[in-house]
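K.L.:
Next comes the structure file my_file_15.txt, holding compact mmCIF, C-alpha atoms and all ligand atoms.
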```txt
# COMPACT_ATOMS: atom_id res chain seq x y z
CA MET Z 1 -0.14 -20.12 -40.64
CA GLN Z 2 0.98 -21.32 -37.27
CA THR Z 3 -0.49 -19.63 -34.27
CA TRP Z 4 1.86 -19.03 -31.40
CA ARG Z 5 0.46 -18.97 -27.92
CA ILE Z 6 2.52 -16.76 -25.74
CA GLN Z 7 1.96 -17.49 -22.11
CA VAL Z 8 2.94 -14.68 -19.82
CA MET Z 9 3.80 -16.06 -16.41
CA ALA Z 10 3.65 -13.79 -13.42
CA GLU Z 11 7.02 -13.25 -11.80
CA LEU Z 12 5.51 -13.64 -8.38
CA ALA Z 13 2.08 -14.46 -6.96
CA ILE Z 14 1.01 -13.32 -3.52
CA THR Z 15 -2.08 -14.71 -1.79
CA PHE Z 16 -3.47 -13.14 1.36
CA LEU Z 17 -4.13 -15.99 3.80
CA GLY Z 18 -5.33 -13.51 6.39
CA THR Z 19 -5.75 -9.74 6.62
CA GLY Z 20 -6.99 -9.24 10.17
CA THR Z 21 -5.47 -7.69 13.24
CA SER Z 22 -4.31 -9.81 16.19
CA GLN Z 23 -7.86 -10.69 17.30
CA GLY Z 24 -9.12 -11.36 13.79
CA VAL Z 25 -12.40 -9.90 12.50
CA PRO Z 26 -15.11 -10.33 13.66
CA PHE Z 27 -13.98 -9.78 17.23
CA VAL Z 28 -15.45 -12.23 19.70
CA ALA Z 29 -18.65 -10.84 21.26
CA CYS Z 30 -18.73 -7.62 19.22
CA ASP Z 31 -21.91 -6.24 17.65
CA CYS Z 32 -20.35 -3.43 15.61
CA PRO Z 33 -21.41 -3.12 11.94
CA VAL Z 34 -18.16 -4.62 10.59
CA CYS Z 35 -18.21 -7.59 12.98
CA ARG Z 36 -21.85 -8.20 12.02
CA SER Z 37 -21.31 -7.59 8.31
CA ASP Z 38 -22.43 -10.20 5.78
CA ASP Z 39 -19.66 -9.16 3.37
CA PRO Z 40 -17.16 -12.06 3.20
CA ARG Z 41 -14.37 -9.49 2.77
CA ASP Z 42 -15.07 -8.36 6.34
CA LYS Z 43 -14.12 -11.82 7.67
CA ARG Z 44 -10.43 -11.54 8.43
CA LEU Z 45 -8.19 -14.27 9.76
CA ARG Z 46 -4.86 -13.28 11.29
CA SER Z 47 -2.42 -11.67 8.85
CA SER Z 48 -0.25 -13.87 6.67
CA ILE Z 49 0.68 -14.20 3.00
CA LEU Z 50 1.80 -16.95 0.67
CA VAL Z 51 4.50 -15.96 -1.83
CA GLU Z 52 4.88 -18.16 -4.92
CA ALA Z 53 7.24 -18.27 -7.85
CA GLU Z 54 7.26 -21.21 -10.26
CA ASP Z 55 10.06 -22.88 -8.28
CA VAL Z 56 9.22 -22.03 -4.68
CA THR Z 57 6.32 -21.55 -2.25
CA ILE Z 58 7.01 -19.44 0.83
CA LEU Z 59 4.76 -18.80 3.82
CA VAL Z 60 5.13 -15.57 5.78
CA ASP Z 61 4.23 -16.18 9.46
CA THR Z 62 2.34 -19.03 11.10
CA THR Z 63 -0.82 -17.48 12.50
CA PRO Z 64 -3.18 -19.11 15.00
CA ASP Z 65 -5.40 -19.65 11.92
CA LEU Z 66 -2.78 -21.50 9.86
CA ARG Z 67 -4.66 -24.80 9.74
CA THR Z 68 -7.83 -23.08 8.53
CA GLN Z 69 -5.86 -20.99 6.05
CA ALA Z 70 -4.06 -24.06 4.64
CA LEU Z 71 -7.33 -25.93 4.18
CA ARG Z 72 -9.09 -22.92 2.66
CA GLN Z 73 -6.29 -22.37 0.09
CA ASN Z 74 -5.79 -26.11 -0.48
CA LEU Z 75 -2.15 -25.64 0.43
CA ARG Z 76 -0.17 -28.76 -0.39
CA ARG Z 77 3.44 -27.71 -0.22
CA LEU Z 78 5.59 -25.22 1.63
CA ASP Z 79 9.28 -24.87 0.85
CA ALA Z 80 10.07 -22.43 3.66
CA VAL Z 81 8.55 -20.16 6.27
CA ILE Z 82 9.78 -16.65 7.04
CA PHE Z 83 8.77 -14.78 10.17
CA THR Z 84 8.19 -11.06 10.60
CA HIS Z 85 8.26 -11.14 14.42
CA SER Z 86 7.22 -13.25 17.38
CA HIS Z 87 3.89 -11.74 18.43
CA THR Z 88 1.37 -14.49 19.09
CA ASP Z 89 -0.80 -13.62 16.08
CA HIS Z 90 2.21 -14.36 13.82
CA VAL Z 91 3.63 -17.52 15.39
CA ALA Z 92 0.92 -19.43 17.27
CA GLY Z 93 0.22 -21.78 14.34
CA PHE Z 94 3.83 -23.01 14.27
CA ASP Z 95 2.77 -26.52 15.23
CA ASP Z 96 0.60 -26.79 12.11
CA LEU Z 97 3.83 -26.94 10.06
CA ARG Z 98 4.04 -30.57 11.11
CA ARG Z 99 1.80 -31.69 8.29
CA PHE Z 100 4.08 -30.05 5.73
CA CYS Z 101 7.13 -31.71 7.30
CA GLU Z 102 5.31 -35.01 7.06
CA LEU Z 103 4.19 -34.49 3.44
CA ALA Z 104 7.69 -33.55 2.27
CA ASP Z 105 9.42 -35.90 4.72
CA ARG Z 106 11.99 -33.32 5.67
CA PRO Z 107 12.54 -30.51 8.19
CA MET Z 108 10.93 -27.16 7.41
CA PRO Z 109 13.40 -24.33 6.76
CA VAL Z 110 12.37 -21.38 8.94
CA TYR Z 111 13.90 -17.92 8.57
CA ALA Z 112 13.75 -15.14 11.15
CA SER Z 113 15.81 -12.46 12.83
CA PRO Z 114 18.03 -13.72 15.68
CA HIS Z 115 15.63 -12.13 18.20
CA THR Z 116 12.53 -13.70 16.66
CA MET Z 117 14.29 -17.06 16.35
CA ALA Z 118 15.21 -16.94 20.05
CA ASP Z 119 11.53 -16.40 20.87
CA LEU Z 120 10.49 -19.27 18.57
CA ARG Z 121 13.05 -21.55 20.23
CA ARG Z 122 11.64 -20.63 23.64
CA ALA Z 123 7.96 -20.96 22.72
CA PHE Z 124 8.35 -24.16 20.68
CA TYR Z 125 11.34 -25.68 22.55
CA TYR Z 126 10.01 -29.20 22.02
CA ALA Z 127 10.29 -28.79 18.25
CA PHE Z 128 13.79 -27.31 18.31
CA ASP Z 129 15.35 -29.60 20.92
CA GLY Z 130 15.38 -32.62 18.59
CA GLN Z 131 13.54 -34.79 21.10
CA HIS Z 132 10.60 -35.25 18.74
CA ALA Z 133 12.50 -35.51 15.49
CA TYR Z 134 10.34 -38.26 14.09
CA ARG Z 135 8.60 -38.03 10.77
CA ASN Z 136 5.12 -37.01 11.84
CA TYR Z 137 6.14 -34.01 13.88
CA VAL Z 138 7.19 -30.45 13.30
CA ARG Z 139 10.91 -30.39 12.59
CA PRO Z 140 12.23 -26.85 12.05
CA GLU Z 141 15.50 -26.15 10.26
CA PRO Z 142 16.37 -22.71 11.71
CA HIS Z 143 18.08 -19.97 9.70
CA GLU Z 144 18.79 -16.67 11.45
CA VAL Z 145 18.87 -13.89 8.88
CA THR Z 146 20.21 -10.35 9.11
CA ALA Z 147 20.85 -9.72 5.40
CA PRO Z 148 19.24 -10.54 2.04
CA PHE Z 149 18.93 -14.24 1.27
CA ARG Z 150 17.52 -16.40 -1.52
CA LEU Z 151 14.87 -19.08 -1.60
CA GLY Z 152 14.94 -20.62 -5.06
CA SER Z 153 14.72 -17.80 -7.57
CA VAL Z 154 13.26 -15.35 -5.04
CA GLU Z 155 15.53 -12.85 -3.31
CA ILE Z 156 14.25 -11.81 0.10
CA ILE Z 157 15.45 -8.60 1.68
CA PRO Z 158 14.65 -8.10 5.39
CA ALA Z 159 13.94 -4.49 6.36
CA GLU Z 160 13.58 -3.41 9.99
CA VAL Z 161 10.60 -1.29 10.95
CA PRO Z 162 9.46 -0.07 14.40
CA HIS Z 163 6.41 -1.83 15.86
CA GLY Z 164 5.62 -0.53 19.34
CA LYS Z 165 8.81 -0.90 21.35
CA MET Z 166 10.21 -3.57 19.02
CA LEU Z 167 12.00 -3.56 15.73
CA VAL Z 168 10.45 -6.19 13.47
CA TYR Z 169 11.08 -7.39 9.95
CA GLY Z 170 9.20 -6.46 6.87
CA TYR Z 171 10.32 -8.23 3.71
CA ILE Z 172 11.02 -7.07 0.17
CA PHE Z 173 10.69 -9.75 -2.53
CA ALA Z 174 12.71 -9.54 -5.74
CA ARG Z 175 13.38 -11.75 -8.73
CA HIS Z 176 16.06 -11.36 -11.39
CA GLY Z 177 17.30 -8.27 -9.55
CA ARG Z 178 13.95 -6.51 -9.71
CA LYS Z 179 12.04 -5.64 -6.55
CA LEU Z 180 8.43 -6.73 -6.99
CA ALA Z 181 6.66 -6.49 -3.65
CA ALA Z 182 7.17 -5.40 -0.06
CA TYR Z 183 5.29 -6.71 2.98
CA PHE Z 184 5.08 -4.68 6.19
CA SER Z 185 2.24 -6.17 8.20
CA ASP Z 186 3.13 -4.73 11.59
CA CYS Z 187 4.69 -1.29 12.00
CA HIS Z 188 3.82 2.16 13.26
CA HIS Z 189 6.40 3.92 11.11
CA VAL Z 190 8.45 3.21 8.00
CA PRO Z 191 11.85 4.92 8.34
CA PRO Z 192 13.34 6.92 5.44
CA ASP Z 193 16.06 4.32 4.75
CA VAL Z 194 13.36 1.68 4.23
CA ILE Z 195 11.27 4.03 2.09
CA ALA Z 196 14.40 4.52 -0.04
CA GLN Z 197 14.65 0.74 -0.51
CA ILE Z 198 11.08 0.42 -1.80
CA LEU Z 199 10.79 3.53 -3.99
CA GLY Z 200 8.51 2.80 -6.94
CA ILE Z 201 7.78 -0.76 -5.76
CA PRO Z 202 5.08 -2.43 -7.92
CA VAL Z 203 3.17 -3.75 -4.89
CA LEU Z 204 3.35 -2.48 -1.31
CA ILE Z 205 1.45 -4.41 1.35
CA ILE Z 206 1.19 -2.29 4.44
CA ASP Z 207 -0.29 -2.26 7.94
CA ALA Z 208 -3.49 -0.16 8.30
CA LEU Z 209 -5.16 -1.02 11.58
CA ARG Z 210 -7.86 1.63 11.91
CA HIS Z 211 -8.61 5.34 11.47
CA GLU Z 212 -7.20 6.45 14.84
CA PRO Z 213 -3.43 6.47 15.45
CA HIS Z 214 -2.06 3.53 17.44
CA PRO Z 215 1.31 3.13 19.22
CA SER Z 216 2.22 -0.10 17.38
CA HIS Z 217 0.42 0.13 14.03
CA LEU Z 218 -0.13 2.54 11.17
CA SER Z 219 -3.49 4.24 10.88
CA LEU Z 220 -5.24 4.30 7.51
CA GLN Z 221 -3.98 7.83 6.77
CA GLU Z 222 -0.44 6.97 7.87
CA ALA Z 223 -0.47 3.93 5.59
CA LEU Z 224 -1.59 6.12 2.68
CA ASP Z 225 1.24 8.52 3.51
CA VAL Z 226 3.79 5.66 3.41
CA ALA Z 227 2.43 4.48 0.05
CA ALA Z 228 2.75 8.02 -1.30
CA ALA Z 229 6.26 8.53 0.12
CA ALA Z 230 7.35 5.24 -1.48
CA SER Z 231 5.59 6.07 -4.77
CA ALA Z 232 4.14 2.56 -4.64
CA GLN Z 233 2.53 1.62 -7.96
CA ARG Z 234 -0.13 -0.31 -6.08
CA ALA Z 235 -0.72 -0.70 -2.35
CA TYR Z 236 -2.81 -3.20 -0.38
CA LEU Z 237 -3.72 -2.57 3.24
CA THR Z 238 -3.64 -5.40 5.75
CA HIS Z 239 -3.65 -6.22 9.51
CA ILE Z 240 -7.04 -4.54 9.58
CA GLY Z 241 -9.20 -4.08 12.66
CA HIS Z 242 -12.96 -3.95 13.01
CA ASP Z 243 -13.52 -0.28 12.36
CA LEU Z 244 -12.59 -0.48 8.67
CA GLY Z 245 -15.46 -2.05 6.73
CA HIS Z 246 -14.29 -3.28 3.33
CA GLU Z 247 -16.95 -1.62 1.19
CA GLU Z 248 -17.17 1.75 2.93
CA THR Z 249 -13.40 2.12 3.45
CA GLY Z 250 -12.78 1.25 -0.20
CA LYS Z 251 -14.75 4.34 -1.21
CA LEU Z 252 -12.26 6.54 0.67
CA LEU Z 253 -9.23 5.18 -1.16
CA PRO Z 254 -7.54 6.22 -4.42
CA PRO Z 255 -7.85 3.60 -7.19
CA HIS Z 256 -4.29 2.25 -6.81
CA ILE Z 257 -4.74 1.57 -3.09
CA ARG Z 258 -7.10 -1.18 -1.92
CA LEU Z 259 -7.99 -2.89 1.30
CA ALA Z 260 -6.75 -6.47 0.98
CA HIS Z 261 -9.12 -9.30 1.85
CA ASP Z 262 -8.61 -12.94 2.74
CA GLY Z 263 -8.09 -15.07 -0.36
CA LEU Z 264 -7.07 -12.15 -2.59
CA ARG Z 265 -4.36 -13.26 -5.02
CA LEU Z 266 -2.03 -10.81 -6.73
CA GLU Z 267 0.05 -11.65 -9.78
CA ILE Z 268 3.02 -9.39 -10.20
ZN ZN Z 301 0.25 -8.64 14.19
ZN ZN Z 302 -16.53 -5.22 16.04
ZN ZN Z 303 2.85 -7.54 16.06
```
In structure tokens, how does this file's structure come out?
P.N.:
Amino acid sequence: MQTWRIQVMAELAITFLGTGTSQGVPFVACDCPVCRSDDPRDKRLRSSILVEAEDVTILVDTTPDLRTQALRQNLRRLDAVIFTHSHTDHVAGFDDLRRFCELADRPMPVYASPHTMADLRRAFYYAFDGQHAYRNYVRPEPHEVTAPFRLGSVEIIPAEVPHGKMLVYGYIFARHGRKLAAYFSDCHHVPPDVIAQILGIPVLIIDALRHEPHPSHLSLQEALDVAAAASAQRAYLTHIGHDLGHEETGKLLPPHIRLAHDGLRLEI
């Protein structure tokens, strides 16, 4: 009798390249228990994810830690980069895209809102002005997005959320018409129209900075409230500061909600 091996491929894989707030964790010159923790899950580079389907590899944001993150994950190929917003902790590693332009010998498609793209053009003018368009340099191919778009087989739906005084993008990732994951790394509120778009989402990745409320970020309780309002099947908390220790905070959470940690890979 012939044995059939059925291989079930994940629709989408998401790897957390970083899960820390803008300063990373540990903070420089801080002696708090989380900053001094020996638990590797308390070492948080700046927040970023890698989204992979079998035909495409997408980076979300270029943090100041991008080089370290790429080496740590043995990242060899990037097909595109999408940006949530232009705060320094999400864009400062832009220059490190040069290696991926060199490896693929082509410009790097970068996707962002018109506002974020304008900031990228200002901050990295030398890359956008075409003056350095030789092979071994970062060569962006800009795409301003205000509506859903596709990268390979992955549909990407931008969703605006308030983050301090700004409106920034979170992204919903779908394949074959099915929403699989949503990523909201920086927000202090998720409006009802966005909640409606992510109802029942298999994986919600959501900002949870600390216990206390913050004008630009969700607190832990607020993040739990968003996950409940969205009826998320699973939720992972990210953009975490230094008052949420991985082990102790995990004990406060329901089983379907976890603190993310650097290197964590989800298959959806
Ligand atoms: Zn941030
Ligand atoms: Zn600390
Ligand atoms: Zn931000």
K.L.:
From the options Z:Ala104, Z:Leu244, Z:Ala196, Z:Val25, which residue's atoms come nearest to Z:Arg46, counting only C-alpha atoms?
P.N.:
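Among the listed residues, the smallest separation from Z:Arg46 belongs to Z:Val25.
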K.L.:
Let me make sure I understand: among Z:Ile157, Z:Ile58, Z:Ile49, Z:Cys32, which one has the smallest atom-to-atom distance to Z:Phe16 if we use all atoms listed in the file?
P.N.:
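Closest to Z:Phe16 of all the choices is Z:Ile49.
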K.L.:
Output the neighbourhood of ligand ZN 301 (chain Z) as a list in words, that is, all protein and nucleic acid residues with some atom at most 7 Å from the ligand, counting all atoms listed in the file.
P.N.:
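Taking all atoms listed in the file into account, the residues around ligand ZN 301 (chain Z) at most 7 Å away are Thr21, Ser22, Ser47, His87, Asp89, His90, Ser185, Asp186 and His239 of chain Z.
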K.L.:
How would you write as a ChimeraX atom specification the residues that get within 9 Å of (9.7, 2.3, 8.6) in the file's frame, counting all atoms listed in the file?
P.N.:
/Z:159-163,170,184,187-195,226
K.L.:
Tell me, as a ChimeraX atom specification, which residues lie within 7 Å of stretch 33-36 of chain Z, counting all atoms listed in the file; anything in the same chain fewer than 6 positions away does not count.
P.N.:
/Z:25-27,42,242-243,245
K.L.:
From the set Z:Leu266, Z:Ala13, Z:Val168, Z:Leu253, which residue has the shortest atom-to-atom contact distance to Z:Ser113, counting all atoms listed in the file?
P.N.:
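When distances to Z:Ser113 are compared using all atoms listed in the file, the smallest one comes from Z:Val168.
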K.L.:
With all atoms listed in the file as the basis for distance, which of Z:Pro107, Z:Gly250, Z:Pro40, Z:Pro158 is at the shortest distance from Z:Thr84?
P.N.:
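Closest to Z:Thr84, using all atoms listed in the file: Z:Pro158.
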K.L.:
Give the answer as one residue: which of Z:Ile14, Z:Met166, Z:Ala53, Z:Val81 has the shortest atom-to-atom distance to ligand ZN 303 (chain Z), using all atoms listed in the file?
P.N.:
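The closest residue to ligand ZN 303 (chain Z) is Z:Met166.
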K.L.:
Which residues are close to Z:Phe173, i.e. within 8 Å by all atoms listed in the file, leaving aside same-chain residues fewer than 2 positions away? Reply as JSON, numbers by chain.
P.N.:
{"Z": [154, 155, 156, 157, 171, 175, 179, 180, 181, 182]}
K.L.:
Measuring atom to atom with all atoms listed in the file, identify which of Z:Asp96, Z:Asp105, Z:Asp61, Z:Asp55 is nearest to ligand ZN 303 (chain Z).
P.N.:
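Comparing Z:Asp96, Z:Asp105, Z:Asp61, Z:Asp55 against ligand ZN 303 (chain Z), the winner is Z:Asp61.
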K.L.:
Please compute the atom CA of Z:Glu267-atom CA of Z:Leu12 distance, one decimal, in Å.
P.N.:
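Atom-to-atom, atom CA of Z:Glu267 and atom CA of Z:Leu12 are spaced 6.0 Å apart.
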K.L.:
Report, in Å to a single decimal, how far apart atom CA of Z:Arg178 and atom CA of Z:Gly152 are.
P.N.:
14.9 Å
K.L.:
Separation of atom CA of Z:Ala127 and atom CA of Z:Pro140, in Å?
P.N.:
6.8 Å
K.L.:
Set the distance at 12 Å and use all atoms listed in the file: which residues neighbour Z:Arg106 once local chain neighbours fewer than 2 positions away are removed? I'd like the list as a list in words.
P.N.:
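Close residues of Z:Arg106: Arg77, Leu78, Asp79, Ala80, Leu97, Arg98, Arg99, Phe100, Cys101, Glu102, Leu103, Ala104, Met108, Pro109, Ala133, Tyr134, Arg135, Asn136, Tyr137, Val138, Arg139, Pro140 and Glu141 of chain Z.
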K.L.:
Please identify all polymer residues within 8 Å of Z:Ala92, counting all atoms listed in the file, omitting same-chain residues fewer than 2 positions from it, and present them as a list of chain:residue names.
P.N.:
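Final neighbour list, sorted by chain and number: Z:Thr62, Z:Thr63, Z:Pro64, Z:Thr88, Z:Asp89, Z:His90, Z:Phe94, Z:Asp95.
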K.L.:
Extract stretch 99-177 of chain Z from the preceding block and save C-alpha atoms as a PDB file, in the first residue's frame.
P.N.:
```
ATOM      1  CA  ARG Z  99      22.685  44.909   0.811  1.00  0.00           C
ATOM      2  CA  PHE Z 100      19.379  43.489  -0.408  1.00  0.00           C
ATOM      3  CA  CYS Z 101      19.448  45.773  -3.459  1.00  0.00           C
ATOM      4  CA  GLU Z 102      22.948  44.529  -4.160  1.00  0.00           C
ATOM      5  CA  LEU Z 103      22.070  40.842  -3.684  1.00  0.00           C
ATOM      6  CA  ALA Z 104      19.049  41.045  -5.995  1.00  0.00           C
ATOM      7  CA  ASP Z 105      20.651  43.621  -8.292  1.00  0.00           C
ATOM      8  CA  ARG Z 106      17.515  45.693  -8.462  1.00  0.00           C
ATOM      9  CA  PRO Z 107      15.789  48.572  -6.664  1.00  0.00           C
ATOM     10  CA  MET Z 108      13.847  47.718  -3.509  1.00  0.00           C
ATOM     11  CA  PRO Z 109      10.087  48.295  -3.770  1.00  0.00           C
ATOM     12  CA  VAL Z 110       9.027  50.342  -0.740  1.00  0.00           C
ATOM     13  CA  TYR Z 111       5.386  50.940   0.165  1.00  0.00           C
ATOM     14  CA  ALA Z 112       4.091  53.642   2.493  1.00  0.00           C
ATOM     15  CA  SER Z 113       1.371  56.232   2.907  1.00  0.00           C
ATOM     16  CA  PRO Z 114       1.983  59.487   0.992  1.00  0.00           C
ATOM     17  CA  HIS Z 115       2.834  61.221   4.285  1.00  0.00           C
ATOM     18  CA  THR Z 116       5.310  58.545   5.372  1.00  0.00           C
ATOM     19  CA  MET Z 117       6.851  58.436   1.898  1.00  0.00           C
ATOM     20  CA  ALA Z 118       7.361  62.215   1.984  1.00  0.00           C
ATOM     21  CA  ASP Z 119       9.230  61.811   5.283  1.00  0.00           C
ATOM     22  CA  LEU Z 120      11.337  58.965   3.852  1.00  0.00           C
ATOM     23  CA  ARG Z 121      12.193  61.091   0.812  1.00  0.00           C
ATOM     24  CA  ARG Z 122      13.283  63.909   3.117  1.00  0.00           C
ATOM     25  CA  ALA Z 123      15.303  61.775   5.537  1.00  0.00           C
ATOM     26  CA  PHE Z 124      16.956  59.611   2.864  1.00  0.00           C
ATOM     27  CA  TYR Z 125      17.045  62.170   0.012  1.00  0.00           C
ATOM     28  CA  TYR Z 126      20.353  60.795  -1.255  1.00  0.00           C
ATOM     29  CA  ALA Z 127      18.737  57.421  -1.948  1.00  0.00           C
ATOM     30  CA  PHE Z 128      15.668  58.843  -3.680  1.00  0.00           C
ATOM     31  CA  ASP Z 129      17.376  61.520  -5.785  1.00  0.00           C
ATOM     32  CA  GLY Z 130      18.993  58.983  -8.121  1.00  0.00           C
ATOM     33  CA  GLN Z 131      22.454  60.436  -7.585  1.00  0.00           C
ATOM     34  CA  HIS Z 132      23.729  57.191  -6.079  1.00  0.00           C
ATOM     35  CA  ALA Z 133      21.899  54.764  -8.319  1.00  0.00           C
ATOM     36  CA  TYR Z 134      24.807  52.387  -8.645  1.00  0.00           C
ATOM     37  CA  ARG Z 135      24.585  48.735  -7.813  1.00  0.00           C
ATOM     38  CA  ASN Z 136      26.046  48.688  -4.325  1.00  0.00           C
ATOM     39  CA  TYR Z 137      23.769  51.300  -2.855  1.00  0.00           C
ATOM     40  CA  VAL Z 138      20.243  51.553  -1.567  1.00  0.00           C
ATOM     41  CA  ARG Z 139      17.923  52.147  -4.499  1.00  0.00           C
ATOM     42  CA  PRO Z 140      14.287  52.525  -3.423  1.00  0.00           C
ATOM     43  CA  GLU Z 141      11.397  52.040  -5.821  1.00  0.00           C
ATOM     44  CA  PRO Z 142       8.679  54.108  -4.081  1.00  0.00           C
ATOM     45  CA  HIS Z 143       5.001  53.150  -4.073  1.00  0.00           C
ATOM     46  CA  GLU Z 144       2.567  55.426  -2.235  1.00  0.00           C
ATOM     47  CA  VAL Z 145      -0.407  53.400  -1.069  1.00  0.00           C
ATOM     48  CA  THR Z 146      -3.826  54.496   0.138  1.00  0.00           C
ATOM     49  CA  ALA Z 147      -5.784  51.331  -0.672  1.00  0.00           C
ATOM     50  CA  PRO Z 148      -5.276  47.551  -0.604  1.00  0.00           C
ATOM     51  CA  PHE Z 149      -2.460  46.264  -2.803  1.00  0.00           C
ATOM     52  CA  ARG Z 150      -0.849  42.928  -3.600  1.00  0.00           C
ATOM     53  CA  LEU Z 151       2.676  41.627  -3.254  1.00  0.00           C
ATOM     54  CA  GLY Z 152       2.788  38.230  -4.931  1.00  0.00           C
ATOM     55  CA  SER Z 153      -0.036  36.162  -3.497  1.00  0.00           C
ATOM     56  CA  VAL Z 154      -0.369  38.331  -0.386  1.00  0.00           C
ATOM     57  CA  GLU Z 155      -3.039  41.018  -0.237  1.00  0.00           C
ATOM     58  CA  ILE Z 156      -2.112  43.900   2.044  1.00  0.00           C
ATOM     59  CA  ILE Z 157      -4.786  46.172   3.417  1.00  0.00           C
ATOM     60  CA  PRO Z 158      -3.616  49.428   5.053  1.00  0.00           C
ATOM     61  CA  ALA Z 159      -5.732  50.546   8.014  1.00  0.00           C
ATOM     62  CA  GLU Z 160      -5.277  53.941   9.653  1.00  0.00           C
ATOM     63  CA  VAL Z 161      -4.972  54.098  13.424  1.00  0.00           C
ATOM     64  CA  PRO Z 162      -4.251  57.081  15.708  1.00  0.00           C
ATOM     65  CA  HIS Z 163      -0.757  57.205  17.223  1.00  0.00           C
ATOM     66  CA  GLY Z 164      -0.281  60.350  19.303  1.00  0.00           C
ATOM     67  CA  LYS Z 165      -1.152  63.255  17.033  1.00  0.00           C
ATOM     68  CA  MET Z 166      -0.555  61.223  13.866  1.00  0.00           C
ATOM     69  CA  LEU Z 167      -2.551  58.751  11.870  1.00  0.00           C
ATOM     70  CA  VAL Z 168      -0.334  55.792  10.991  1.00  0.00           C
ATOM     71  CA  TYR Z 169      -0.810  52.570   9.092  1.00  0.00           C
ATOM     72  CA  GLY Z 170      -1.422  49.179  10.507  1.00  0.00           C
ATOM     73  CA  TYR Z 171      -1.628  46.390   7.946  1.00  0.00           C
ATOM     74  CA  ILE Z 172      -3.978  43.463   7.441  1.00  0.00           C
ATOM     75  CA  PHE Z 173      -2.530  40.499   5.521  1.00  0.00           C
ATOM     76  CA  ALA Z 174      -4.782  38.214   3.493  1.00  0.00           C
ATOM     77  CA  ARG Z 175      -4.343  35.375   1.035  1.00  0.00           C
ATOM     78  CA  HIS Z 176      -6.930  33.842  -1.277  1.00  0.00           C
ATOM     79  CA  GLY Z 177      -9.458  36.358   0.041  1.00  0.00           C
TER      80      GLY Z 177
END
```
